[in-house]
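Everything below belongs to work23.pdb, which stores PDB, C-alpha atoms and all ligand atoms.
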ATOM      1  CA  MET A   1      80.983 -69.386 180.731
ATOM      2  CA  PHE A   2      78.732 -68.288 177.880
ATOM      3  CA  ALA A   3      75.098 -68.639 178.951
ATOM      4  CA  THR A   4      71.987 -67.494 177.187
ATOM      5  CA  ARG A   5      68.280 -68.067 177.497
ATOM      6  CA  PHE A   6      64.926 -68.099 175.760
ATOM      7  CA  ALA A   7      62.385 -66.528 178.085
ATOM      8  CA  PRO A   8      58.853 -66.723 176.736
ATOM      9  CA  SER A   9      55.741 -65.640 178.579
ATOM     10  CA  PRO A  10      53.014 -68.286 178.398
ATOM     11  CA  THR A  11      50.368 -65.880 177.151
ATOM     12  CA  GLY A  12      49.661 -67.568 173.824
ATOM     13  CA  ARG A  13      50.851 -70.247 171.438
ATOM     14  CA  LEU A  14      54.292 -69.905 169.908
ATOM     15  CA  HIS A  15      54.623 -68.805 166.268
ATOM     16  CA  LYS A  16      57.513 -68.781 163.768
ATOM     17  CA  GLY A  17      58.946 -65.618 165.340
ATOM     18  CA  HIS A  18      59.427 -67.495 168.610
ATOM     19  CA  ALA A  19      60.985 -70.433 166.772
ATOM     20  CA  PHE A  20      63.462 -68.040 165.150
ATOM     21  CA  SER A  21      64.328 -66.429 168.481
ATOM     22  CA  ALA A  22      64.735 -69.730 170.326
ATOM     23  CA  LEU A  23      66.855 -71.189 167.524
ATOM     24  CA  THR A  24      69.046 -68.066 167.440
ATOM     25  CA  ALA A  25      69.787 -68.315 171.167
ATOM     26  CA  TRP A  26      70.156 -72.105 171.221
ATOM     27  CA  THR A  27      72.519 -72.113 168.218
ATOM     28  CA  ALA A  28      74.648 -69.356 169.763
ATOM     29  CA  ALA A  29      74.977 -71.392 172.957
ATOM     30  CA  ARG A  30      75.924 -74.527 171.038
ATOM     31  CA  GLN A  31      78.470 -72.677 168.915
ATOM     32  CA  ALA A  32      80.036 -71.123 172.012
ATOM     33  CA  GLY A  33      80.047 -74.446 173.872
ATOM     34  CA  GLY A  34      77.915 -72.675 176.466
ATOM     35  CA  ARG A  35      74.668 -73.064 178.343
ATOM     36  CA  PHE A  36      71.128 -72.657 177.040
ATOM     37  CA  LEU A  37      68.314 -72.057 179.507
ATOM     38  CA  LEU A  38      64.586 -71.905 179.069
ATOM     39  CA  ARG A  39      62.811 -69.599 181.484
ATOM     40  CA  ILE A  40      59.067 -69.326 181.879
ATOM     41  CA  GLU A  41      58.142 -65.689 182.498
ATOM     42  CA  ASP A  42      54.708 -66.297 183.930
ATOM     43  CA  ASN A  43      54.491 -63.389 186.337
ATOM     44  CA  ASP A  44      51.313 -61.915 184.831
ATOM     45  CA  PRO A  45      48.517 -63.853 186.525
ATOM     46  CA  THR A  46      45.855 -62.363 184.277
ATOM     47  CA  ARG A  47      47.411 -63.449 180.969
ATOM     48  CA  CYS A  48      49.477 -66.591 181.628
ATOM     49  CA  LYS A  49      47.928 -70.028 181.254
ATOM     50  CA  PRO A  50      49.286 -73.491 182.089
ATOM     51  CA  GLU A  51      48.240 -74.861 178.698
ATOM     52  CA  TYR A  52      50.411 -72.256 176.970
ATOM     53  CA  GLU A  53      53.335 -73.297 179.138
ATOM     54  CA  ALA A  54      52.842 -76.951 178.228
ATOM     55  CA  ALA A  55      52.747 -75.925 174.565
ATOM     56  CA  ILE A  56      56.087 -74.081 174.896
ATOM     57  CA  PHE A  57      57.813 -77.293 176.020
ATOM     58  CA  GLU A  58      56.113 -79.300 173.315
ATOM     59  CA  ASP A  59      56.878 -76.853 170.505
ATOM     60  CA  LEU A  60      60.535 -76.357 171.464
ATOM     61  CA  ALA A  61      61.160 -80.082 171.841
ATOM     62  CA  TRP A  62      59.546 -80.643 168.433
ATOM     63  CA  LEU A  63      61.914 -78.032 166.995
ATOM     64  CA  GLY A  64      64.803 -80.135 168.289
ATOM     65  CA  LEU A  65      65.964 -77.877 171.115
ATOM     66  CA  ASP A  66      67.157 -79.000 174.526
ATOM     67  CA  TRP A  67      67.698 -76.964 177.654
ATOM     68  CA  GLU A  68      68.918 -77.220 181.221
ATOM     69  CA  THR A  69      66.578 -78.400 183.930
ATOM     70  CA  PRO A  70      64.957 -77.524 186.230
ATOM     71  CA  VAL A  71      63.336 -74.752 184.248
ATOM     72  CA  ARG A  72      62.799 -71.597 186.292
ATOM     73  CA  ARG A  73      59.177 -70.561 186.462
ATOM     74  CA  GLN A  74      58.897 -66.992 187.707
ATOM     75  CA  SER A  75      55.549 -67.486 189.444
ATOM     76  CA  GLU A  76      57.292 -69.854 191.870
ATOM     77  CA  HIS A  77      59.791 -67.222 192.967
ATOM     78  CA  LEU A  78      57.699 -64.190 193.832
ATOM     79  CA  ALA A  79      59.479 -63.904 197.182
ATOM     80  CA  ASP A  80      62.767 -63.298 195.335
ATOM     81  CA  TYR A  81      61.274 -60.358 193.460
ATOM     82  CA  ALA A  82      59.598 -59.033 196.610
ATOM     83  CA  ALA A  83      63.010 -58.992 198.303
ATOM     84  CA  VAL A  84      64.399 -56.812 195.507
ATOM     85  CA  ILE A  85      61.420 -54.461 195.809
ATOM     86  CA  ASP A  86      62.107 -54.230 199.555
ATOM     87  CA  ALA A  87      65.781 -53.508 198.971
ATOM     88  CA  LEU A  88      65.144 -50.803 196.366
ATOM     89  CA  GLY A  89      62.318 -49.362 198.456
ATOM     90  CA  ALA A  90      64.517 -49.164 201.556
ATOM     91  CA  ARG A  91      66.944 -47.046 199.527
ATOM     92  CA  GLY A  92      64.141 -44.644 198.585
ATOM     93  CA  LEU A  93      64.307 -45.610 194.918
ATOM     94  CA  LEU A  94      60.637 -46.518 194.539
ATOM     95  CA  TYR A  95      57.326 -44.787 195.043
ATOM     96  CA  ARG A  96      53.798 -46.071 195.329
ATOM     97  CA  CYS A  97      51.510 -45.387 192.388
ATOM     98  CA  PHE A  98      47.784 -45.836 192.902
ATOM     99  CA  ARG A  99      46.876 -44.441 189.490
ATOM    100  CA  THR A 100      44.915 -46.492 187.027
ATOM    101  CA  ARG A 101      45.819 -46.913 183.385
ATOM    102  CA  LYS A 102      43.005 -44.475 182.636
ATOM    103  CA  ASP A 103      44.419 -41.845 185.024
ATOM    104  CA  ILE A 104      47.766 -42.130 183.237
ATOM    105  CA  LEU A 105      46.190 -41.880 179.771
ATOM    106  CA  ASP A 106      44.104 -38.879 180.850
ATOM    107  CA  ALA A 107      47.256 -37.233 182.145
ATOM    108  CA  ILE A 108      48.917 -37.640 178.744
ATOM    109  CA  GLY A 109      46.241 -35.358 177.337
ATOM    110  CA  ASP A 110      46.934 -32.762 180.042
ATOM    111  CA  ALA A 111      50.708 -32.982 180.215
ATOM    112  CA  PRO A 112      52.487 -29.856 178.996
ATOM    113  CA  HIS A 113      55.438 -31.726 177.538
ATOM    114  CA  GLY A 114      53.703 -34.761 176.105
ATOM    115  CA  PRO A 115      53.758 -38.430 177.022
ATOM    116  CA  ALA A 116      57.175 -38.423 178.735
ATOM    117  CA  ASP A 117      55.690 -36.593 181.690
ATOM    118  CA  ALA A 118      52.823 -38.997 181.940
ATOM    119  CA  VAL A 119      54.979 -42.053 182.444
ATOM    120  CA  ARG A 120      56.770 -40.226 185.238
ATOM    121  CA  PRO A 121      53.735 -39.440 187.364
ATOM    122  CA  GLY A 122      55.789 -38.929 190.505
ATOM    123  CA  PRO A 123      54.797 -39.813 194.050
ATOM    124  CA  HIS A 124      51.386 -38.871 195.424
ATOM    125  CA  ALA A 125      51.266 -36.077 197.992
ATOM    126  CA  PRO A 126      51.852 -37.602 201.463
ATOM    127  CA  ASP A 127      48.299 -36.973 202.726
ATOM    128  CA  GLU A 128      46.763 -38.384 199.551
ATOM    129  CA  GLU A 129      49.013 -41.450 199.752
ATOM    130  CA  ALA A 130      48.062 -41.996 203.399
ATOM    131  CA  ARG A 131      44.361 -41.756 202.535
ATOM    132  CA  LEU A 132      44.627 -44.193 199.602
ATOM    133  CA  LEU A 133      46.612 -46.631 201.735
ATOM    134  CA  ALA A 134      44.047 -46.404 204.531
ATOM    135  CA  GLU A 135      41.304 -47.108 201.996
ATOM    136  CA  GLY A 136      43.166 -50.293 201.069
ATOM    137  CA  ARG A 137      43.549 -49.264 197.419
ATOM    138  CA  PRO A 138      45.978 -51.378 195.364
ATOM    139  CA  TYR A 139      49.189 -49.743 194.190
ATOM    140  CA  ALA A 140      52.164 -50.399 191.959
ATOM    141  CA  TRP A 141      55.781 -49.603 192.807
ATOM    142  CA  ARG A 142      57.495 -47.324 190.303
ATOM    143  CA  LEU A 143      61.231 -46.720 189.995
ATOM    144  CA  SER A 144      62.033 -43.042 190.489
ATOM    145  CA  LEU A 145      64.490 -41.974 187.781
ATOM    146  CA  ASP A 146      65.344 -38.863 189.774
ATOM    147  CA  ARG A 147      66.297 -40.907 192.815
ATOM    148  CA  ALA A 148      68.133 -43.443 190.639
ATOM    149  CA  ARG A 149      70.219 -40.669 189.115
ATOM    150  CA  GLU A 150      71.013 -39.183 192.523
ATOM    151  CA  THR A 151      71.927 -42.610 193.866
ATOM    152  CA  LEU A 152      74.293 -43.475 191.040
ATOM    153  CA  GLY A 153      75.795 -40.017 190.898
ATOM    154  CA  GLU A 154      76.198 -37.900 187.775
ATOM    155  CA  SER A 155      79.362 -39.543 186.462
ATOM    156  CA  GLU A 156      78.090 -43.109 186.793
ATOM    157  CA  TRP A 157      74.710 -42.087 185.349
ATOM    158  CA  LYS A 158      76.427 -40.602 182.294
ATOM    159  CA  ALA A 159      78.764 -43.576 181.890
ATOM    160  CA  LEU A 160      75.952 -46.122 182.037
ATOM    161  CA  SER A 161      76.253 -48.271 178.926
ATOM    162  CA  PHE A 162      75.751 -51.742 177.517
ATOM    163  CA  VAL A 163      77.325 -53.762 174.736
ATOM    164  CA  GLU A 164      75.110 -54.567 171.763
ATOM    165  CA  GLN A 165      76.402 -57.311 169.502
ATOM    166  CA  GLY A 166      73.413 -57.041 167.198
ATOM    167  CA  VAL A 167      72.113 -53.863 165.607
ATOM    168  CA  GLY A 168      69.502 -51.624 167.183
ATOM    169  CA  PRO A 169      66.578 -50.086 165.290
ATOM    170  CA  ASP A 170      68.630 -46.974 164.494
ATOM    171  CA  GLY A 171      71.795 -48.860 163.602
ATOM    172  CA  GLU A 172      73.128 -48.828 167.173
ATOM    173  CA  THR A 173      75.858 -51.362 167.777
ATOM    174  CA  GLY A 174      78.894 -51.855 170.012
ATOM    175  CA  VAL A 175      79.074 -49.881 173.250
ATOM    176  CA  ILE A 176      75.819 -47.987 173.620
ATOM    177  CA  ARG A 177      75.117 -45.309 176.147
ATOM    178  CA  ALA A 178      72.072 -46.308 178.181
ATOM    179  CA  ARG A 179      69.187 -43.836 178.147
ATOM    180  CA  PRO A 180      67.000 -45.136 180.957
ATOM    181  CA  ASP A 181      65.098 -41.860 181.112
ATOM    182  CA  THR A 182      63.253 -42.634 177.873
ATOM    183  CA  ALA A 183      61.386 -45.416 179.645
ATOM    184  CA  GLY A 184      59.995 -43.144 182.348
ATOM    185  CA  ASP A 185      59.460 -44.250 185.931
ATOM    186  CA  VAL A 186      58.798 -47.866 185.048
ATOM    187  CA  VAL A 187      56.579 -50.077 187.158
ATOM    188  CA  LEU A 188      58.713 -52.675 188.961
ATOM    189  CA  ALA A 189      55.856 -54.274 190.859
ATOM    190  CA  ARG A 190      52.406 -54.333 189.349
ATOM    191  CA  LYS A 191      49.328 -53.961 191.492
ATOM    192  CA  ASP A 192      48.179 -57.508 190.817
ATOM    193  CA  ALA A 193      51.468 -59.364 190.676
ATOM    194  CA  GLY A 194      54.000 -57.952 193.138
ATOM    195  CA  THR A 195      56.578 -57.895 190.362
ATOM    196  CA  ALA A 196      56.832 -56.787 186.755
ATOM    197  CA  TYR A 197      58.774 -57.685 183.636
ATOM    198  CA  HIS A 198      61.860 -55.456 184.010
ATOM    199  CA  LEU A 199      62.460 -56.481 187.600
ATOM    200  CA  ALA A 200      61.929 -60.214 187.153
ATOM    201  CA  VAL A 201      63.977 -60.405 183.968
ATOM    202  CA  THR A 202      67.017 -58.541 185.347
ATOM    203  CA  HIS A 203      66.880 -60.460 188.610
ATOM    204  CA  ASP A 204      66.772 -63.782 186.827
ATOM    205  CA  ASP A 205      69.438 -62.910 184.258
ATOM    206  CA  ALA A 206      71.759 -62.092 187.173
ATOM    207  CA  LEU A 207      70.773 -65.117 189.246
ATOM    208  CA  GLN A 208      71.172 -67.495 186.325
ATOM    209  CA  GLU A 209      74.493 -65.902 185.314
ATOM    210  CA  ILE A 210      73.299 -65.085 181.829
ATOM    211  CA  THR A 211      76.245 -63.635 179.915
ATOM    212  CA  HIS A 212      74.396 -63.012 176.632
ATOM    213  CA  VAL A 213      70.813 -61.800 176.359
ATOM    214  CA  ILE A 214      69.730 -62.886 172.890
ATOM    215  CA  ARG A 215      66.212 -61.767 171.975
ATOM    216  CA  GLY A 216      64.176 -59.878 169.416
ATOM    217  CA  LEU A 217      64.672 -56.275 168.417
ATOM    218  CA  ASP A 218      61.290 -55.422 169.925
ATOM    219  CA  LEU A 219      63.045 -55.563 173.312
ATOM    220  CA  PHE A 220      65.971 -53.323 172.370
ATOM    221  CA  GLU A 221      64.585 -50.320 174.253
ATOM    222  CA  ALA A 222      64.149 -52.491 177.336
ATOM    223  CA  ALA A 223      67.935 -52.887 177.591
ATOM    224  CA  HIS A 224      68.262 -49.207 178.527
ATOM    225  CA  ILE A 225      66.158 -49.471 181.647
ATOM    226  CA  GLN A 226      67.353 -52.975 182.457
ATOM    227  CA  ARG A 227      70.937 -51.711 182.471
ATOM    228  CA  LEU A 228      69.946 -49.121 185.079
ATOM    229  CA  ILE A 229      68.334 -51.736 187.316
ATOM    230  CA  GLN A 230      71.492 -53.866 187.052
ATOM    231  CA  ALA A 231      73.631 -50.885 188.058
ATOM    232  CA  LEU A 232      71.390 -50.035 191.007
ATOM    233  CA  MET A 233      71.425 -53.618 192.238
ATOM    234  CA  GLY A 234      75.120 -54.220 191.560
ATOM    235  CA  TRP A 235      74.273 -57.016 189.139
ATOM    236  CA  PRO A 236      76.618 -57.801 186.246
ATOM    237  CA  ALA A 237      75.822 -56.354 182.821
ATOM    238  CA  PRO A 238      75.200 -59.060 180.249
ATOM    239  CA  VAL A 239      76.070 -58.525 176.598
ATOM    240  CA  TYR A 240      72.995 -57.931 174.425
ATOM    241  CA  ARG A 241      72.392 -59.410 171.011
ATOM    242  CA  HIS A 242      69.057 -58.245 169.646
ATOM    243  CA  HIS A 243      68.069 -60.041 166.478
ATOM    244  CA  ARG A 244      65.876 -58.984 163.570
ATOM    245  CA  LEU A 245      62.204 -59.695 163.789
ATOM    246  CA  LEU A 246      60.820 -62.264 161.440
ATOM    247  CA  THR A 247      58.071 -61.050 159.143
ATOM    248  CA  GLY A 248      55.254 -63.102 157.697
ATOM    249  CA  PRO A 249      54.125 -63.316 154.065
ATOM    250  CA  ASP A 250      52.227 -60.031 154.521
ATOM    251  CA  GLY A 251      55.459 -58.268 155.504
ATOM    252  CA  ARG A 252      54.324 -57.739 159.090
ATOM    253  CA  ARG A 253      56.134 -59.166 162.050
ATOM    254  CA  TYR A 254      54.744 -62.186 163.811
ATOM    255  CA  ALA A 255      52.879 -61.343 167.016
ATOM    256  CA  LYS A 256      50.767 -63.360 169.393
ATOM    257  CA  ARG A 257      48.046 -60.748 169.432
ATOM    258  CA  ASP A 258      47.552 -60.949 165.661
ATOM    259  CA  GLN A 259      46.820 -64.651 165.953
ATOM    260  CA  SER A 260      49.824 -65.442 163.747
ATOM    261  CA  VAL A 261      49.791 -69.027 162.572
ATOM    262  CA  THR A 262      51.031 -71.100 165.471
ATOM    263  CA  LEU A 263      53.730 -73.768 165.409
ATOM    264  CA  ALA A 264      51.112 -76.276 166.537
ATOM    265  CA  GLU A 265      48.935 -75.464 163.532
ATOM    266  CA  LEU A 266      51.884 -75.734 161.164
ATOM    267  CA  ARG A 267      52.843 -79.055 162.721
ATOM    268  CA  ALA A 268      49.277 -80.357 162.353
ATOM    269  CA  ALA A 269      49.367 -79.294 158.716
ATOM    270  CA  GLY A 270      52.429 -81.494 158.156
ATOM    271  CA  LEU A 271      55.353 -79.081 158.513
ATOM    272  CA  THR A 272      58.472 -80.862 159.752
ATOM    273  CA  PRO A 273      61.039 -79.299 162.075
ATOM    274  CA  GLU A 274      63.736 -79.865 159.436
ATOM    275  CA  VAL A 275      61.842 -77.830 156.854
ATOM    276  CA  LEU A 276      61.083 -75.073 159.346
ATOM    277  CA  ARG A 277      64.677 -74.867 160.547
ATOM    278  CA  ALA A 278      65.900 -74.627 156.959
ATOM    279  CA  GLU A 279      63.321 -71.946 156.179
ATOM    280  CA  LEU A 280      64.500 -69.945 159.202
ATOM    281  CA  GLY A 281      68.139 -70.338 158.189
ATOM    282  CA  PHE A 282      69.276 -72.959 160.696
TER
HETATM  283  N1  LIG B   1      59.281 -62.690 178.515
HETATM  284  C1  LIG B   1      59.552 -61.715 177.491
HETATM  285  C2  LIG B   1      58.606 -61.928 176.312
HETATM  286  O1  LIG B   1      57.953 -62.918 176.218
HETATM  287  C3  LIG B   1      60.965 -61.788 176.956
HETATM  288  C4  LIG B   1      61.988 -61.450 177.979
HETATM  289  C5  LIG B   1      63.391 -61.225 177.448
HETATM  290  O2  LIG B   1      63.862 -61.969 176.586
HETATM  291  O3  LIG B   1      64.028 -60.319 177.935
HETATM  292  O4  LIG B   1      58.508 -61.082 175.457
END
Represent the structure of the file as structure tokens.
Amino acid sequence: MFATRFAPSPTGRLHKGHAFSALTAWTAARQAGGRFLLRIEDNDPTRCKPEYEAAIFEDLAWLGLDWETPVRRQSEHLADYAAVIDALGARGLLYRCFRTRKDILDAIGDAPHGPADAVRPGPHAPDEEARLLAEGRPYAWRLSLDRARETLGESEWKALSFVEQGVGPDGETGVIRARPDTAGDVVLARKDAGTAYHLAVTHDDALQEITHVIRGLDLFEAAHIQRLIQALMGWPAPVYRHHRLLTGPDGRRYAKRDQSVTLAELRAAGLTPEVLRAELGF
């Protein structure tokens, strides 16, 4: 059965771009006679706040959306993600990375072939790793693309693809060959959280039987690496439908970090959900 989701991270107040994304997914579910889920992706303990989560419920209800309950909150399921890390680790697909963001950025300057090398730092030498572990230093788990490729085998690696029902930034649509290597050796468990976005999102899409991932074009590149994780874990491949990003009056896309006008502010200023829905084309 058709199932899609809106999966915000409670790291700020929602703006019109979120309203557009949520309405796109919700409308698709309604039109397909399918399921619409809301998922709270609160696995970043440094940036997520309960008041932002409360605001998500309030803003979406005001917009006129409804969703299945209970709502999955990722922070309550860290053991699920840890189990996936254990499973991938046992297959030799992960390596510990003790490097700091600064180490990685410094390495970009030194790397002979540019940034691509820097996001594939590779495992530490065994003696160095043992020393850092003994010192109790925190580490992230990175997915080794080399090991992933070996594990899948050359023919499956080359055949890895996903279906895009929207249009990618370079006009990509239909069956698209996945290029997980462009993402580098992504972090699947952050030092502070025990999980990370790509792992939690693919796990939950599989668990919740999401058939259609409907989300903004800013996450198009993420599909490439997410498809690889699905293949490694034997999870089904959802269909992707990346939608255009809404731009504000200044022509720039809405973003939390730019302090775009929030739905709460618009509501306080008298905007009604009917007017907003019409403005967004729903
Ligand atoms: N939680 C992600 C975000 O807020 C979206 C995840 C997804 O739709 O794949 O950007």
Q: Have a look at A:Arg253, A:His124, A:Asp170, A:Ala22 and name the one nearest to Asp59 of chain A; count all atoms listed in the file.
A: A:Ala22
Q: Can you tell me which residues come within 6 Å of ligand LIG 1 (chain B) when counting only C-alpha atoms and all ligand atoms, ideally as a PyMOL selection string?
A: chain A and resi 7-9+41+215
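Between Pro238 of chain A and the residues A:Asp192, A:Glu164, A:Glu172, A:Asp250, the shortest atom-to-atom distance, using all atoms listed in the file, involves A:Glu164.
For Tyr197 of chain A, the set of protein, DNA and RNA residues having any atom at most 9 Å away, when counting all atoms listed in the file and skipping those fewer than 4 positions along the same chain, is Glu41, Asn43, Asp44, Val187, Leu188, Ala189, Val201 and Thr202 of chain A.
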Q | Output check: residues returned by the PyMOL selection byres (((chain A and resi 142-150) around 8) and not hetatm), as a PyMOL selection string | A | chain A and resi 92-97+120+122+140-141+151-154+157+180-181+184-189+232
For the residues selected in the previous step, produce a file with C-alpha atoms as a compact mmCIF listing (two decimals), in the frame of the given file.
# COMPACT_ATOMS: atom_id res chain seq x y z
CA GLY A 92 64.14 -44.64 198.58
CA LEU A 93 64.31 -45.61 194.92
CA LEU A 94 60.64 -46.52 194.54
CA TYR A 95 57.33 -44.79 195.04
CA ARG A 96 53.80 -46.07 195.33
CA CYS A 97 51.51 -45.39 192.39
CA ARG A 120 56.77 -40.23 185.24
CA GLY A 122 55.79 -38.93 190.50
CA ALA A 140 52.16 -50.40 191.96
CA TRP A 141 55.78 -49.60 192.81
CA THR A 151 71.93 -42.61 193.87
CA LEU A 152 74.29 -43.48 191.04
CA GLY A 153 75.80 -40.02 190.90
CA GLU A 154 76.20 -37.90 187.78
CA TRP A 157 74.71 -42.09 185.35
CA PRO A 180 67.00 -45.14 180.96
CA ASP A 181 65.10 -41.86 181.11
CA GLY A 184 60.00 -43.14 182.35
CA ASP A 185 59.46 -44.25 185.93
CA VAL A 186 58.80 -47.87 185.05
CA VAL A 187 56.58 -50.08 187.16
CA LEU A 188 58.71 -52.68 188.96
CA ALA A 189 55.86 -54.27 190.86
CA LEU A 232 71.39 -50.04 191.01
**Q.** Among listed residues A:Asp42, A:Glu129, A:Glu51, A:Glu209, nearest Arg99 of chain A (using all atoms listed in the file)
**A.** A:Glu129
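Contact shell of Ile225 of chain A at 8 Å (all atoms listed in the file; same-chain neighbours under 4 positions omitted): Ala178, Arg179, Pro180, Asp181, Ala183, His198, Glu221 and Ile229 of chain A.
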Print the selection's residues with C-alpha atoms to a file, as a PDB file, in the coordinates of the input.
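Saved as again.pdb:
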ATOM      1  CA  ALA A 178      72.072 -46.308 178.181  1.00  0.00           C
ATOM      2  CA  ARG A 179      69.187 -43.836 178.147  1.00  0.00           C
ATOM      3  CA  PRO A 180      67.000 -45.136 180.957  1.00  0.00           C
ATOM      4  CA  ASP A 181      65.098 -41.860 181.112  1.00  0.00           C
ATOM      5  CA  ALA A 183      61.386 -45.416 179.645  1.00  0.00           C
ATOM      6  CA  HIS A 198      61.860 -55.456 184.010  1.00  0.00           C
ATOM      7  CA  GLU A 221      64.585 -50.320 174.253  1.00  0.00           C
ATOM      8  CA  ILE A 229      68.334 -51.736 187.316  1.00  0.00           C
TER       9      ILE A 229
END
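When only C-alpha atoms are used to compute distances to Trp62 of chain A, the closest of the residues A:Ala87, A:Leu23, A:Ile214, A:Leu37 turns out to be A:Leu23.
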Q | Selection result of the PyMOL selection byres (((chain A and resi 53) around 9) and not hetatm) on this file, as a list in words | A | Pro8, Ser9, Pro10, Thr11, Gly12, Arg13, Ile40, Asp42, Cys48, Lys49, Pro50, Glu51, Tyr52, Ala54, Ala55, Ile56, Phe57 and Glu58 of chain A
Next, the residues of the selection above should be written as a JSON list (two decimals), in the coordinates of the input with C-alpha atoms.
[["chain", "number", "residue", "atom", "x", "y", "z"],
["A", 8, "PRO", "CA", 58.85, -66.72, 176.74],
["A", 9, "SER", "CA", 55.74, -65.64, 178.58],
["A", 10, "PRO", "CA", 53.01, -68.29, 178.40],
["A", 11, "THR", "CA", 50.37, -65.88, 177.15],
["A", 12, "GLY", "CA", 49.66, -67.57, 173.82],
["A", 13, "ARG", "CA", 50.85, -70.25, 171.44],
["A", 40, "ILE", "CA", 59.07, -69.33, 181.88],
["A", 42, "ASP", "CA", 54.71, -66.30, 183.93],
["A", 48, "CYS", "CA", 49.48, -66.59, 181.63],
["A", 49, "LYS", "CA", 47.93, -70.03, 181.25],
["A", 50, "PRO", "CA", 49.29, -73.49, 182.09],
["A", 51, "GLU", "CA", 48.24, -74.86, 178.70],
["A", 52, "TYR", "CA", 50.41, -72.26, 176.97],
["A", 54, "ALA", "CA", 52.84, -76.95, 178.23],
["A", 55, "ALA", "CA", 52.75, -75.92, 174.56],
["A", 56, "ILE", "CA", 56.09, -74.08, 174.90],
["A", 57, "PHE", "CA", 57.81, -77.29, 176.02],
["A", 58, "GLU", "CA", 56.11, -79.30, 173.32]]
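Across the structure, atom CA of Thr27 of chain A and atom CA of His15 of chain A are spaced 18.3 Å apart.
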Q) Counting only C-alpha atoms, which residues come within 10 Å of (49.0, -41.1, 187.8), with the point read in the file's coordinates, and could you list them as a PyMOL selection string? A) chain A and resi 97-108+118-124
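Selection result for the displayed file, with the PyMOL selection byres (((chain A and resi 75-79) around 8) and not hetatm) as criterion, is Glu41, Asp42, Asn43, Arg73, Gln74, Asp80, Tyr81, Ala82, Ala83, Gly194 and Thr195 of chain A.
Our summary of the geometry notes that atom CA of Lys16 of chain A is positioned 8.5 Å from atom CA of Leu276 of chain A.
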Set the distance at 12 Å and use all atoms listed in the file: which residues neighbour Arg35 of chain A once local chain neighbours fewer than 2 positions away are removed? I'd like the list as a PDB file with C-alpha atoms, in the frame of the given file.
ATOM      1  CA  MET A   1      80.983 -69.386 180.731  1.00  0.00           C
ATOM      2  CA  PHE A   2      78.732 -68.288 177.880  1.00  0.00           C
ATOM      3  CA  ALA A   3      75.098 -68.639 178.951  1.00  0.00           C
ATOM      4  CA  THR A   4      71.987 -67.494 177.187  1.00  0.00           C
ATOM      5  CA  ARG A   5      68.280 -68.067 177.497  1.00  0.00           C
ATOM      6  CA  PHE A   6      64.926 -68.099 175.760  1.00  0.00           C
ATOM      7  CA  ALA A  25      69.787 -68.315 171.167  1.00  0.00           C
ATOM      8  CA  TRP A  26      70.156 -72.105 171.221  1.00  0.00           C
ATOM      9  CA  THR A  27      72.519 -72.113 168.218  1.00  0.00           C
ATOM     10  CA  ALA A  28      74.648 -69.356 169.763  1.00  0.00           C
ATOM     11  CA  ALA A  29      74.977 -71.392 172.957  1.00  0.00           C
ATOM     12  CA  ARG A  30      75.924 -74.527 171.038  1.00  0.00           C
ATOM     13  CA  GLN A  31      78.470 -72.677 168.915  1.00  0.00           C
ATOM     14  CA  ALA A  32      80.036 -71.123 172.012  1.00  0.00           C
ATOM     15  CA  GLY A  33      80.047 -74.446 173.872  1.00  0.00           C
ATOM     16  CA  LEU A  37      68.314 -72.057 179.507  1.00  0.00           C
ATOM     17  CA  LEU A  38      64.586 -71.905 179.069  1.00  0.00           C
ATOM     18  CA  ASP A  66      67.157 -79.000 174.526  1.00  0.00           C
ATOM     19  CA  TRP A  67      67.698 -76.964 177.654  1.00  0.00           C
ATOM     20  CA  GLU A  68      68.918 -77.220 181.221  1.00  0.00           C
ATOM     21  CA  THR A  69      66.578 -78.400 183.930  1.00  0.00           C
ATOM     22  CA  GLN A 208      71.172 -67.495 186.325  1.00  0.00           C
ATOM     23  CA  GLU A 209      74.493 -65.902 185.314  1.00  0.00           C
ATOM     24  CA  ILE A 210      73.299 -65.085 181.829  1.00  0.00           C
ATOM     25  CA  THR A 211      76.245 -63.635 179.915  1.00  0.00           C
ATOM     26  CA  HIS A 212      74.396 -63.012 176.632  1.00  0.00           C
TER      27      HIS A 212
END
Q: Mind giving me the straight-line distance from atom CA of Leu88 of chain A to atom CA of Gly216 of chain A in Å, one decimal?
A: 28.5 Å
Q: Please tell me which residues are no farther than 9 Å from (60.4, -56.5, 168.5) in the file, counting all atoms listed in the file, and write them as a PyMOL selection string.
A: chain A and resi 215-220+242-245+253
From the block you just saw, export segment 74-79 of chain A: N, CA and C atoms, as a tab-separated table (two decimals), in the first residue's frame.
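The resulting file, part.tsv, is reproduced below:
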chain	number	residue	atom	x	y	z
A	74	GLN	N	12.68	9.39	16.70
A	74	GLN	CA	13.91	8.61	16.57
A	74	GLN	C	14.71	8.49	17.87
A	75	SER	N	14.67	9.52	18.68
A	75	SER	CA	15.47	9.49	19.92
A	75	SER	C	15.02	8.37	20.86
A	76	GLU	N	13.81	7.85	20.64
A	76	GLU	CA	13.32	6.77	21.50
A	76	GLU	C	13.70	5.39	20.98
A	77	HIS	N	14.42	5.35	19.86
A	77	HIS	CA	14.72	4.06	19.25
A	77	HIS	C	16.20	3.88	18.94
A	78	LEU	N	17.03	4.48	19.77
A	78	LEU	CA	18.48	4.43	19.49
A	78	LEU	C	19.01	3.00	19.46
A	79	ALA	N	18.37	2.11	20.21
A	79	ALA	CA	18.81	0.71	20.22
A	79	ALA	C	18.61	0.07	18.84
